[in-house]
file work31.cif (mmCIF, C-alpha atoms and all ligand atoms)
data_final
#
loop_
_atom_site.label_atom_id
_atom_site.label_comp_id
_atom_site.auth_asym_id
_atom_site.auth_seq_id
_atom_site.Cartn_x
_atom_site.Cartn_y
_atom_site.Cartn_z
CA MET A 1 0.47 2.36 -129.61
CA ARG A 2 -2.06 3.18 -126.91
CA ALA A 3 -0.67 3.48 -123.38
CA GLU A 4 -1.87 0.97 -120.77
CA LEU A 5 -5.01 2.20 -119.05
CA PRO A 6 -4.57 2.74 -115.31
CA SER A 7 -6.05 -0.10 -113.30
CA ILE A 8 -8.69 0.10 -110.60
CA PRO A 9 -7.00 0.73 -107.23
CA SER A 10 -6.98 -2.47 -105.19
CA ALA A 11 -6.06 -1.13 -101.73
CA LYS A 12 -8.54 -2.23 -99.09
CA ILE A 13 -10.59 0.64 -97.69
CA GLY A 14 -11.63 0.98 -94.05
CA PRO A 15 -15.04 1.51 -92.45
CA GLY A 16 -16.75 4.84 -92.95
CA LEU A 17 -19.14 6.74 -95.17
CA TYR A 18 -17.92 7.28 -98.74
CA ILE A 19 -19.66 10.04 -100.73
CA VAL A 20 -19.22 8.74 -104.26
CA ALA A 21 -19.87 10.81 -107.39
CA THR A 22 -21.37 8.94 -110.36
CA PRO A 23 -21.71 9.98 -114.03
CA ILE A 24 -24.19 12.68 -115.15
CA GLY A 25 -24.82 10.92 -118.46
CA ASN A 26 -21.72 9.37 -119.96
CA LEU A 27 -20.97 6.17 -118.06
CA GLY A 28 -17.30 6.58 -118.92
CA ASP A 29 -17.15 9.39 -116.37
CA ILE A 30 -17.12 7.05 -113.37
CA THR A 31 -13.69 7.30 -111.75
CA LEU A 32 -11.40 4.34 -111.09
CA ARG A 33 -11.52 5.16 -107.39
CA ALA A 34 -15.33 5.27 -107.41
CA VAL A 35 -15.40 1.75 -108.91
CA ALA A 36 -12.88 0.54 -106.32
CA VAL A 37 -14.84 2.03 -103.42
CA LEU A 38 -18.25 0.86 -104.64
CA GLY A 39 -16.78 -2.60 -105.19
CA GLN A 40 -15.87 -2.78 -101.49
CA CYS A 41 -19.13 -1.46 -100.04
CA ALA A 42 -21.61 -4.10 -98.97
CA LEU A 43 -24.19 -1.33 -98.54
CA VAL A 44 -24.87 1.54 -100.95
CA ALA A 45 -27.30 4.25 -99.87
CA CYS A 46 -28.95 5.81 -102.92
CA GLU A 47 -31.81 8.03 -104.05
CA ASP A 48 -33.45 5.47 -106.31
CA THR A 49 -32.56 1.79 -106.04
CA ARG A 50 -33.50 1.15 -109.69
CA VAL A 51 -31.18 3.85 -111.03
CA THR A 52 -28.25 2.80 -108.84
CA GLY A 53 -29.03 -0.88 -109.43
CA LYS A 54 -28.52 -0.32 -113.16
CA LEU A 55 -25.22 1.49 -112.62
CA LEU A 56 -23.87 -1.22 -110.31
CA LYS A 57 -24.95 -3.91 -112.77
CA HIS A 58 -23.09 -2.07 -115.53
CA LEU A 59 -20.01 -2.02 -113.28
CA GLY A 60 -20.41 -5.70 -112.32
CA ILE A 61 -20.79 -4.78 -108.65
CA LYS A 62 -23.15 -6.46 -106.19
CA ALA A 63 -24.24 -4.55 -103.08
CA ARG A 64 -27.29 -4.14 -100.90
CA LEU A 65 -29.11 -0.94 -101.81
CA GLN A 66 -30.82 1.27 -99.24
CA ARG A 67 -33.05 4.07 -100.42
CA LEU A 68 -32.05 7.40 -98.89
CA ASP A 69 -33.93 10.42 -100.13
CA ASP A 70 -34.94 13.69 -98.46
CA HIS A 71 -37.79 11.89 -96.69
CA ALA A 72 -35.62 9.18 -95.12
CA SER A 73 -36.37 8.68 -91.43
CA PRO A 74 -33.79 9.32 -88.70
CA GLU A 75 -33.89 5.54 -88.04
CA THR A 76 -32.90 4.80 -91.65
CA ARG A 77 -29.96 7.18 -91.37
CA ALA A 78 -28.99 5.72 -87.99
CA ARG A 79 -28.92 2.19 -89.48
CA ILE A 80 -26.69 3.36 -92.35
CA ILE A 81 -24.36 5.09 -89.89
CA ASP A 82 -24.24 2.01 -87.63
CA GLU A 83 -23.12 -0.08 -90.58
CA ALA A 84 -20.53 2.55 -91.58
CA ARG A 85 -18.94 2.20 -88.12
CA VAL A 86 -17.82 -1.32 -88.96
CA SER A 87 -17.53 -1.45 -92.76
CA PRO A 88 -17.37 0.87 -95.79
CA VAL A 89 -20.75 2.26 -96.85
CA ALA A 90 -21.27 4.39 -99.96
CA LEU A 91 -23.70 7.23 -100.57
CA VAL A 92 -24.52 7.93 -104.21
CA SER A 93 -27.24 9.95 -105.90
CA ASP A 94 -29.00 9.27 -109.20
CA ALA A 95 -26.31 11.23 -111.03
CA GLY A 96 -23.33 13.41 -110.25
CA THR A 97 -22.10 14.47 -106.85
CA PRO A 98 -24.29 13.61 -103.86
CA LEU A 99 -25.45 16.59 -101.76
CA ILE A 100 -25.26 18.99 -104.75
CA SER A 101 -29.02 19.59 -105.08
CA ASP A 102 -29.27 16.00 -103.89
CA PRO A 103 -29.83 14.23 -100.57
CA GLY A 104 -27.14 13.42 -98.03
CA TYR A 105 -26.57 16.53 -95.93
CA ARG A 106 -28.20 15.15 -92.78
CA LEU A 107 -26.52 11.77 -93.19
CA VAL A 108 -23.08 13.39 -93.46
CA ARG A 109 -23.61 15.59 -90.40
CA GLU A 110 -25.00 12.74 -88.32
CA ALA A 111 -22.19 10.40 -89.37
CA GLN A 112 -19.62 13.01 -88.36
CA ALA A 113 -21.41 13.61 -85.06
CA ALA A 114 -21.31 9.85 -84.43
CA GLY A 115 -17.55 9.81 -85.01
CA VAL A 116 -17.82 7.93 -88.31
CA GLY A 117 -15.25 8.95 -90.93
CA VAL A 118 -16.70 10.68 -94.00
CA THR A 119 -14.71 10.67 -97.25
CA SER A 120 -15.52 12.26 -100.59
CA VAL A 121 -14.81 10.37 -103.80
CA PRO A 122 -15.15 13.22 -106.32
CA GLY A 123 -16.28 13.05 -109.90
CA ALA A 124 -18.89 14.47 -112.25
CA CYS A 125 -20.99 17.47 -111.25
CA ALA A 126 -23.24 19.21 -113.78
CA ALA A 127 -22.71 22.68 -112.24
CA VAL A 128 -18.93 22.44 -112.55
CA SER A 129 -19.00 20.91 -116.04
CA ALA A 130 -21.34 23.67 -117.23
CA LEU A 131 -19.15 26.37 -115.74
CA ALA A 132 -16.11 24.86 -117.43
CA MET A 133 -17.68 25.02 -120.88
CA ALA A 134 -19.95 28.08 -120.70
CA GLY A 135 -17.26 30.65 -121.50
CA LEU A 136 -18.40 32.88 -118.64
CA PRO A 137 -16.07 34.18 -115.91
CA SER A 138 -15.20 31.20 -113.75
CA ASP A 139 -12.97 32.80 -111.11
CA ARG A 140 -15.96 33.35 -108.81
CA PHE A 141 -19.26 31.55 -109.05
CA LEU A 142 -22.29 31.11 -106.89
CA PHE A 143 -24.21 27.87 -107.19
CA ALA A 144 -27.84 28.59 -106.34
CA GLY A 145 -29.54 25.23 -107.00
CA PHE A 146 -32.95 25.25 -108.68
CA LEU A 147 -34.84 28.51 -109.13
CA PRO A 148 -38.30 28.40 -107.51
CA ALA A 149 -41.10 27.26 -109.81
CA LYS A 150 -43.50 30.06 -108.83
CA GLU A 151 -43.08 33.34 -110.68
CA LYS A 152 -42.98 35.67 -107.66
CA ALA A 153 -40.55 33.50 -105.70
CA ARG A 154 -38.36 33.14 -108.80
CA GLU A 155 -38.23 36.90 -109.29
CA GLU A 156 -37.45 37.47 -105.61
CA THR A 157 -34.67 34.91 -105.69
CA LEU A 158 -33.12 36.51 -108.76
CA ALA A 159 -33.46 40.02 -107.30
CA GLY A 160 -31.75 38.80 -104.11
CA LEU A 161 -28.76 37.75 -106.21
CA ALA A 162 -28.49 41.01 -108.16
CA GLN A 163 -25.46 42.31 -106.25
CA VAL A 164 -23.43 39.11 -106.45
CA GLY A 165 -20.22 39.80 -108.36
CA ALA A 166 -19.86 36.26 -109.63
CA THR A 167 -21.27 33.96 -112.29
CA LEU A 168 -24.56 32.51 -111.06
CA VAL A 169 -25.16 28.82 -111.68
CA PHE A 170 -28.66 27.33 -111.50
CA TYR A 171 -30.08 23.91 -112.18
CA GLU A 172 -33.11 24.18 -114.45
CA THR A 173 -35.75 22.00 -116.06
CA ALA A 174 -36.68 22.08 -119.75
CA PRO A 175 -40.32 23.15 -119.21
CA ARG A 176 -39.27 26.13 -117.05
CA LEU A 177 -36.24 27.31 -119.00
CA GLU A 178 -38.00 29.90 -121.14
CA LYS A 179 -39.80 31.49 -118.16
CA SER A 180 -36.55 31.73 -116.22
CA LEU A 181 -34.79 33.28 -119.22
CA ARG A 182 -37.59 35.85 -119.58
CA ALA A 183 -37.34 36.72 -115.87
CA ILE A 184 -33.57 37.16 -116.21
CA ALA A 185 -34.03 39.25 -119.38
CA ALA A 186 -36.38 41.58 -117.52
CA LEU A 187 -33.94 42.06 -114.64
CA TRP A 188 -30.59 41.98 -116.41
CA PRO A 189 -31.09 42.58 -120.15
CA GLU A 190 -27.37 43.21 -120.71
CA ARG A 191 -25.84 40.26 -118.90
CA GLU A 192 -24.37 37.29 -120.74
CA VAL A 193 -26.25 34.07 -120.07
CA ALA A 194 -25.42 30.46 -120.98
CA VAL A 195 -27.55 27.35 -121.23
CA ALA A 196 -25.70 24.03 -120.97
CA ARG A 197 -27.86 21.08 -121.90
CA GLU A 198 -27.42 17.29 -121.81
CA LEU A 199 -23.82 17.52 -120.63
CA THR A 200 -21.64 14.49 -121.44
CA LYS A 201 -24.49 12.98 -123.49
CA LEU A 202 -25.05 12.54 -127.22
CA HIS A 203 -26.96 15.81 -127.64
CA GLU A 204 -24.72 17.95 -125.44
CA ASP A 205 -25.19 21.61 -126.29
CA CYS A 206 -24.04 24.90 -124.81
CA ARG A 207 -25.25 28.32 -126.00
CA ARG A 208 -24.37 31.77 -124.83
CA GLY A 209 -26.13 35.09 -125.46
CA THR A 210 -28.45 37.55 -123.80
CA ALA A 211 -31.34 36.04 -121.86
CA ALA A 212 -33.80 37.56 -124.36
CA ALA A 213 -32.04 36.01 -127.37
CA LEU A 214 -31.85 32.63 -125.66
CA ALA A 215 -35.52 32.84 -124.65
CA GLU A 216 -36.41 33.43 -128.32
CA HIS A 217 -34.23 30.50 -129.37
CA TYR A 218 -35.84 28.09 -126.90
CA ALA A 219 -39.34 29.37 -127.67
CA ALA A 220 -38.73 28.36 -131.29
CA ASN A 221 -36.81 25.17 -130.37
CA PRO A 222 -38.30 23.76 -127.16
CA PRO A 223 -35.43 22.27 -125.17
CA LYS A 224 -35.25 18.68 -124.01
CA GLY A 225 -33.22 16.99 -121.32
CA GLU A 226 -31.24 18.27 -118.38
CA ILE A 227 -30.13 21.86 -118.11
CA VAL A 228 -27.73 24.15 -116.27
CA LEU A 229 -28.47 27.87 -116.58
CA LEU A 230 -25.66 30.34 -115.96
CA VAL A 231 -25.71 34.12 -115.68
CA GLY A 232 -22.53 36.13 -116.03
CA PRO A 233 -21.65 38.70 -113.36
CA PRO A 234 -22.74 42.33 -113.58
CA ALA A 235 -20.48 44.38 -115.87
CA ASP A 236 -19.09 46.46 -112.99
CA SER A 237 -18.02 43.45 -110.97
CA GLU A 238 -14.60 42.88 -112.54
CA THR A 239 -13.28 43.75 -109.08
CA PRO A 240 -16.27 42.79 -107.02
CA GLU A 241 -16.67 45.25 -104.21
CA VAL A 242 -20.02 44.92 -102.59
CA ASP A 243 -20.71 47.51 -99.93
CA ALA A 244 -22.00 45.05 -97.37
CA ASP A 245 -22.26 47.78 -94.71
CA ALA A 246 -24.61 49.82 -96.89
CA LEU A 247 -26.75 46.77 -97.58
CA LEU A 248 -26.78 45.84 -93.88
CA ARG A 249 -27.74 49.39 -92.80
CA GLU A 250 -30.63 49.38 -95.23
CA ALA A 251 -31.73 45.91 -94.12
CA ILE A 252 -31.55 46.50 -90.34
CA ALA A 253 -33.76 49.54 -90.74
CA ALA A 254 -36.49 47.16 -91.86
CA MET A 255 -35.82 43.86 -90.07
CA SER A 256 -34.00 42.13 -87.22
CA PRO A 257 -30.17 41.89 -87.40
CA SER A 258 -30.42 38.14 -87.85
CA LYS A 259 -32.81 38.45 -90.82
CA ALA A 260 -30.74 41.31 -92.23
CA ALA A 261 -27.58 39.18 -92.02
CA ALA A 262 -29.35 36.27 -93.75
CA GLN A 263 -30.62 38.54 -96.55
CA VAL A 264 -27.26 40.21 -97.15
CA ALA A 265 -25.45 36.85 -96.97
CA LYS A 266 -27.78 35.56 -99.68
CA ALA A 267 -27.29 38.63 -101.84
CA THR A 268 -23.51 38.86 -101.52
CA GLY A 269 -22.42 35.31 -100.84
CA GLY A 270 -20.86 36.67 -97.62
CA ASP A 271 -20.53 34.83 -94.32
CA ARG A 272 -23.81 35.00 -92.41
CA GLN A 273 -22.24 34.87 -88.94
CA ALA A 274 -19.76 37.64 -89.75
CA LEU A 275 -22.56 39.74 -91.25
CA TYR A 276 -24.67 39.18 -88.14
CA THR A 277 -21.82 40.38 -85.91
CA ARG A 278 -21.41 43.46 -88.13
CA ALA A 279 -25.19 44.07 -88.13
CA MET A 280 -25.17 44.06 -84.30
CA GLU A 281 -22.28 46.55 -84.31
CA LEU A 282 -24.09 48.84 -86.75
CA LYS A 283 -27.32 48.62 -84.74
CA GLY A 284 -25.46 49.51 -81.53
CA ARG A 285 -24.11 52.73 -83.03
N1 LIG B 1 -25.97 16.06 -107.97
C1 LIG B 1 -26.07 16.36 -109.37
C2 LIG B 1 -24.76 16.99 -109.85
O1 LIG B 1 -23.74 16.79 -109.22
O2 LIG B 1 -24.77 17.65 -110.87
C3 LIG B 1 -27.27 17.23 -109.65
C4 LIG B 1 -28.57 16.64 -109.22
S1 LIG B 1 -29.94 17.66 -109.51
C5 LIG B 1 -31.22 16.76 -108.71
C6 LIG B 1 -30.34 17.33 -111.17
C7 LIG B 1 -30.14 18.57 -112.04
O3 LIG B 1 -28.75 18.70 -112.38
C8 LIG B 1 -30.85 18.50 -113.36
O4 LIG B 1 -32.21 18.90 -113.25
C9 LIG B 1 -30.05 19.46 -114.20
O5 LIG B 1 -30.40 20.78 -113.90
C10 LIG B 1 -28.63 19.18 -113.68
N2 LIG B 1 -28.01 18.13 -114.49
C11 LIG B 1 -27.75 16.86 -114.14
N3 LIG B 1 -27.18 16.20 -115.16
C12 LIG B 1 -27.06 17.07 -116.18
C13 LIG B 1 -26.54 17.00 -117.50
N4 LIG B 1 -26.05 15.86 -117.98
N5 LIG B 1 -26.59 18.10 -118.27
C14 LIG B 1 -27.09 19.26 -117.79
N6 LIG B 1 -27.59 19.39 -116.54
C15 LIG B 1 -27.57 18.31 -115.76
#

call {"tool": "encode", "arguments": {"input": "work31.cif", "output": "structure tokens"}}
result
Amino acid sequence: MRAELPSIPSAKIGPGLYIVATPIGNLGDITLRAVAVLGQCALVACEDTRVTGKLLKHLGIKARLQRLDDHASPETRARIIDEARVSPVALVSDAGTPLISDPGYRLVREAQAAGVGVTSVPGACAAVSALAMAGLPSDRFLFAGFLPAKEKAREETLAGLAQVGATLVFYETAPRLEKSLRAIAALWPEREVAVARELTKLHEDCRRGTAAALAEHYAANPPKGEIVLLVGPPADSETPEVDADALLREAIAAMSPSKAAAQVAKATGGDRQALYTRAMELKGR
């Protein structure tokens, strides 16, 4: 006999901003807590009111929707924060976890600065799901969002990540996948790469191989849908030991300590402030 399904939590929630993750495809991936929180929010800030309207309809939830994308004005954010002072307000994105390559960063900071409580209601995230099923080292990973669309910028971004001793995780689009794979093949022909497509959906697919082999595969079978692209760490990074000092020395010979710290932080995943302090020390010697 099937066990009783857990029920939706009924405890009343207080005022504040609730960052609520929503499914990345399979509607069954909404959490019980997300349903409970959304059900108690009179206002839901969202990227696209049509997308979120459909989700709320599916859940049988009625709420006012306020569009909040990267172009939202400070006044729009202030109104959302004012409402969150007195009642629960949710922030959702079209899919997955808000703020992960999605809007919300300014709203969260401004809410915190205004003394409004900010709570995360976790759930689906394509980057994490892809990492979980790619079969690449998952002990350290660096999420790098979308690769730039322009060839030169894409190559520079990849080159800047060359020293990172961790699996790299990118969001990618179907039309650009092959170009990105070819750029990765040129830089790192030996590294293992994975492409996770249409996660949680009917045509979910995850392939692993060299970037060149995957580029050939997708040239012959043009991909559709949503994609996460992952690149395994360099072979010698089992015990990642990046010589940040050497990188900093090289960088401060060519640029200001602040720019050098930013560049090395990007390349190593290190803390920019700490690298800046170290860059100043090295420059003073
Ligand atoms: N905030 C979302 C999250 O938590 O995953 C990501 C939003 S970002 C604007 C959208 C990108 O995430 C897509 O272009 C794709 O790269 C990736 N993505 C979202 N859903 C996906 C899925 N079901 N399968 C594979 N990738 C997905």

call {"tool": "closest_atom_pairs", "arguments": {"input": "work31.cif", "of": "chain A", "to": "ligand LIG 1 (chain B)", "cutoff": "10 Å", "atoms": "all atoms listed in the file", "output": "tab-separated table"}}
result
residue	atom	partner	partner_atom	distance
A:Ala21	CA	B:LIG1	O1	7.4
A:Thr22	CA	B:LIG1	O1	8.3
A:Pro23	CA	B:LIG1	N4	8.3
A:Ile24	CA	B:LIG1	N3	4.6
A:Gly25	CA	B:LIG1	N4	5.1
A:Asn26	CA	B:LIG1	N4	8.0
A:Glu47	CA	B:LIG1	C5	9.9
A:Val92	CA	B:LIG1	N1	9.1
A:Ser93	CA	B:LIG1	N1	6.6
A:Asp94	CA	B:LIG1	C4	7.4
A:Ala95	CA	B:LIG1	C1	5.4
A:Gly96	CA	B:LIG1	O1	3.6
A:Thr97	CA	B:LIG1	O1	3.7
A:Pro98	CA	B:LIG1	N1	5.1
A:Leu99	CA	B:LIG1	N1	6.3
A:Ile100	CA	B:LIG1	N1	4.4
A:Ser101	CA	B:LIG1	S1	4.9
A:Asp102	CA	B:LIG1	N1	5.2
A:Pro103	CA	B:LIG1	N1	8.5
A:Pro122	CA	B:LIG1	O1	9.7
A:Gly123	CA	B:LIG1	O1	8.4
A:Ala124	CA	B:LIG1	O1	6.2
A:Cys125	CA	B:LIG1	O1	3.5
A:Ala126	CA	B:LIG1	O2	3.6
A:Ala127	CA	B:LIG1	O2	5.6
A:Val128	CA	B:LIG1	O2	7.7
A:Ser129	CA	B:LIG1	N5	8.4
A:Ala130	CA	B:LIG1	C14	7.3
A:Gly145	CA	B:LIG1	S1	8.0
A:Phe146	CA	B:LIG1	O5	7.3
A:Val169	CA	B:LIG1	O5	9.9
A:Phe170	CA	B:LIG1	O5	7.2
A:Tyr171	CA	B:LIG1	O5	3.6
A:Glu172	CA	B:LIG1	O5	4.4
A:Thr173	CA	B:LIG1	O4	5.5
A:Ala174	CA	B:LIG1	O4	8.5
A:Val195	CA	B:LIG1	C14	8.8
A:Ala196	CA	B:LIG1	C14	5.9
A:Arg197	CA	B:LIG1	C14	4.6
A:Glu198	CA	B:LIG1	N5	3.7
A:Leu199	CA	B:LIG1	N5	3.7
A:Thr200	CA	B:LIG1	N4	5.8
A:Lys201	CA	B:LIG1	N4	6.4
A:Leu202	CA	B:LIG1	N4	9.9
A:His203	CA	B:LIG1	N5	9.7
A:Glu204	CA	B:LIG1	N5	7.4
A:Asp205	CA	B:LIG1	N5	8.9
A:Cys206	CA	B:LIG1	C14	9.5
A:Gly225	CA	B:LIG1	N5	7.4
A:Glu226	CA	B:LIG1	N6	4.2
A:Ile227	CA	B:LIG1	N6	3.9
A:Val228	CA	B:LIG1	N6	4.8
A:Leu229	CA	B:LIG1	O5	7.8

call {"tool": "residues_around", "arguments": {"input": "work31.cif", "residues": "Leu142 of chain A", "least_positions_apart": "5", "cutoff": "8 Å", "atoms": "all atoms listed in the file", "output": "PyMOL selection string"}}
result
chain A and resi 166-169+269

call {"tool": "residues_around", "arguments": {"input": "work31.cif", "residues": "Ala267 of chain A", "least_positions_apart": "4", "cutoff": "12 Å", "atoms": "all atoms listed in the file", "output": "JSON list (two decimals) with C-alpha atoms, in the frame of the given file"}}
result
[["chain", "number", "residue", "atom", "x", "y", "z"],
["A", 142, "LEU", "CA", -22.29, 31.11, -106.89],
["A", 144, "ALA", "CA", -27.84, 28.59, -106.34],
["A", 156, "GLU", "CA", -37.45, 37.47, -105.61],
["A", 157, "THR", "CA", -34.67, 34.91, -105.69],
["A", 158, "LEU", "CA", -33.12, 36.51, -108.76],
["A", 159, "ALA", "CA", -33.46, 40.02, -107.30],
["A", 160, "GLY", "CA", -31.75, 38.80, -104.11],
["A", 161, "LEU", "CA", -28.76, 37.75, -106.21],
["A", 162, "ALA", "CA", -28.49, 41.01, -108.16],
["A", 163, "GLN", "CA", -25.46, 42.31, -106.25],
["A", 164, "VAL", "CA", -23.43, 39.11, -106.45],
["A", 165, "GLY", "CA", -20.22, 39.80, -108.36],
["A", 166, "ALA", "CA", -19.86, 36.26, -109.63],
["A", 168, "LEU", "CA", -24.56, 32.51, -111.06],
["A", 242, "VAL", "CA", -20.02, 44.92, -102.59],
["A", 243, "ASP", "CA", -20.71, 47.51, -99.93],
["A", 244, "ALA", "CA", -22.00, 45.05, -97.37],
["A", 247, "LEU", "CA", -26.75, 46.77, -97.58],
["A", 248, "LEU", "CA", -26.78, 45.84, -93.88],
["A", 251, "ALA", "CA", -31.73, 45.91, -94.12],
["A", 260, "ALA", "CA", -30.74, 41.31, -92.23],
["A", 261, "ALA", "CA", -27.58, 39.18, -92.02],
["A", 262, "ALA", "CA", -29.35, 36.27, -93.75],
["A", 263, "GLN", "CA", -30.62, 38.54, -96.55],
["A", 271, "ASP", "CA", -20.53, 34.83, -94.32],
["A", 272, "ARG", "CA", -23.81, 35.00, -92.41],
["A", 275, "LEU", "CA", -22.56, 39.74, -91.25]]

call {"tool": "atom_distance", "arguments": {"input": "work31.cif", "atom1": "atom CA of Lys152 of chain A", "atom2": "atom CA of Trp188 of chain A"}}
result
16.4 Å

call {"tool": "residues_around", "arguments": {"input": "work31.cif", "residues": "segment 104-117 of chain A", "least_positions_apart": "6", "cutoff": "7 Å", "atoms": "all atoms listed in the file", "output": "PyMOL selection string"}}
result
chain A and resi 16-17+77+81+84-85+98

call {"tool": "residues_near_point", "arguments": {"input": "work31.cif", "point": "(-21.9, -5.1, -93.0)", "cutoff": "9 Å", "atoms": "all atoms listed in the file", "output": "count of residues only"}}
result
9

call {"tool": "atom_distance", "arguments": {"input": "work31.cif", "atom1": "atom CA of Val231 of chain A", "atom2": "atom CA of Leu136 of chain A"}}
result
8.0 Å

call {"tool": "atom_distance", "arguments": {"input": "work31.cif", "atom1": "atom CA of Gly39 of chain A", "atom2": "atom CA of Ala78 of chain A"}}
result
22.7 Å

call {"tool": "closest_residue", "arguments": {"input": "work31.cif", "among": "A:Arg176, A:Ala45, A:Ser7, A:Leu55", "to": "Asp29 of chain A", "atoms": "all atoms listed in the file"}}
result
A:Leu55

call {"tool": "closest_residue", "arguments": {"input": "work31.cif", "among": "A:Lys150, A:Arg64, A:Lys283, A:Arg33", "to": "Ala253 of chain A", "atoms": "all atoms listed in the file"}}
result
A:Lys283

call {"tool": "residues_around", "arguments": {"input": "work31.cif", "residues": "Pro189 of chain A", "least_positions_apart": "3", "cutoff": "7 Å", "atoms": "all atoms listed in the file", "output": "CSV table (one decimal) with C-alpha atoms, in the frame of the given file"}}
result
chain,number,residue,atom,x,y,z
A,185,ALA,CA,-34.0,39.2,-119.4
A,186,ALA,CA,-36.4,41.6,-117.5
A,210,THR,CA,-28.4,37.6,-123.8
A,211,ALA,CA,-31.3,36.0,-121.9
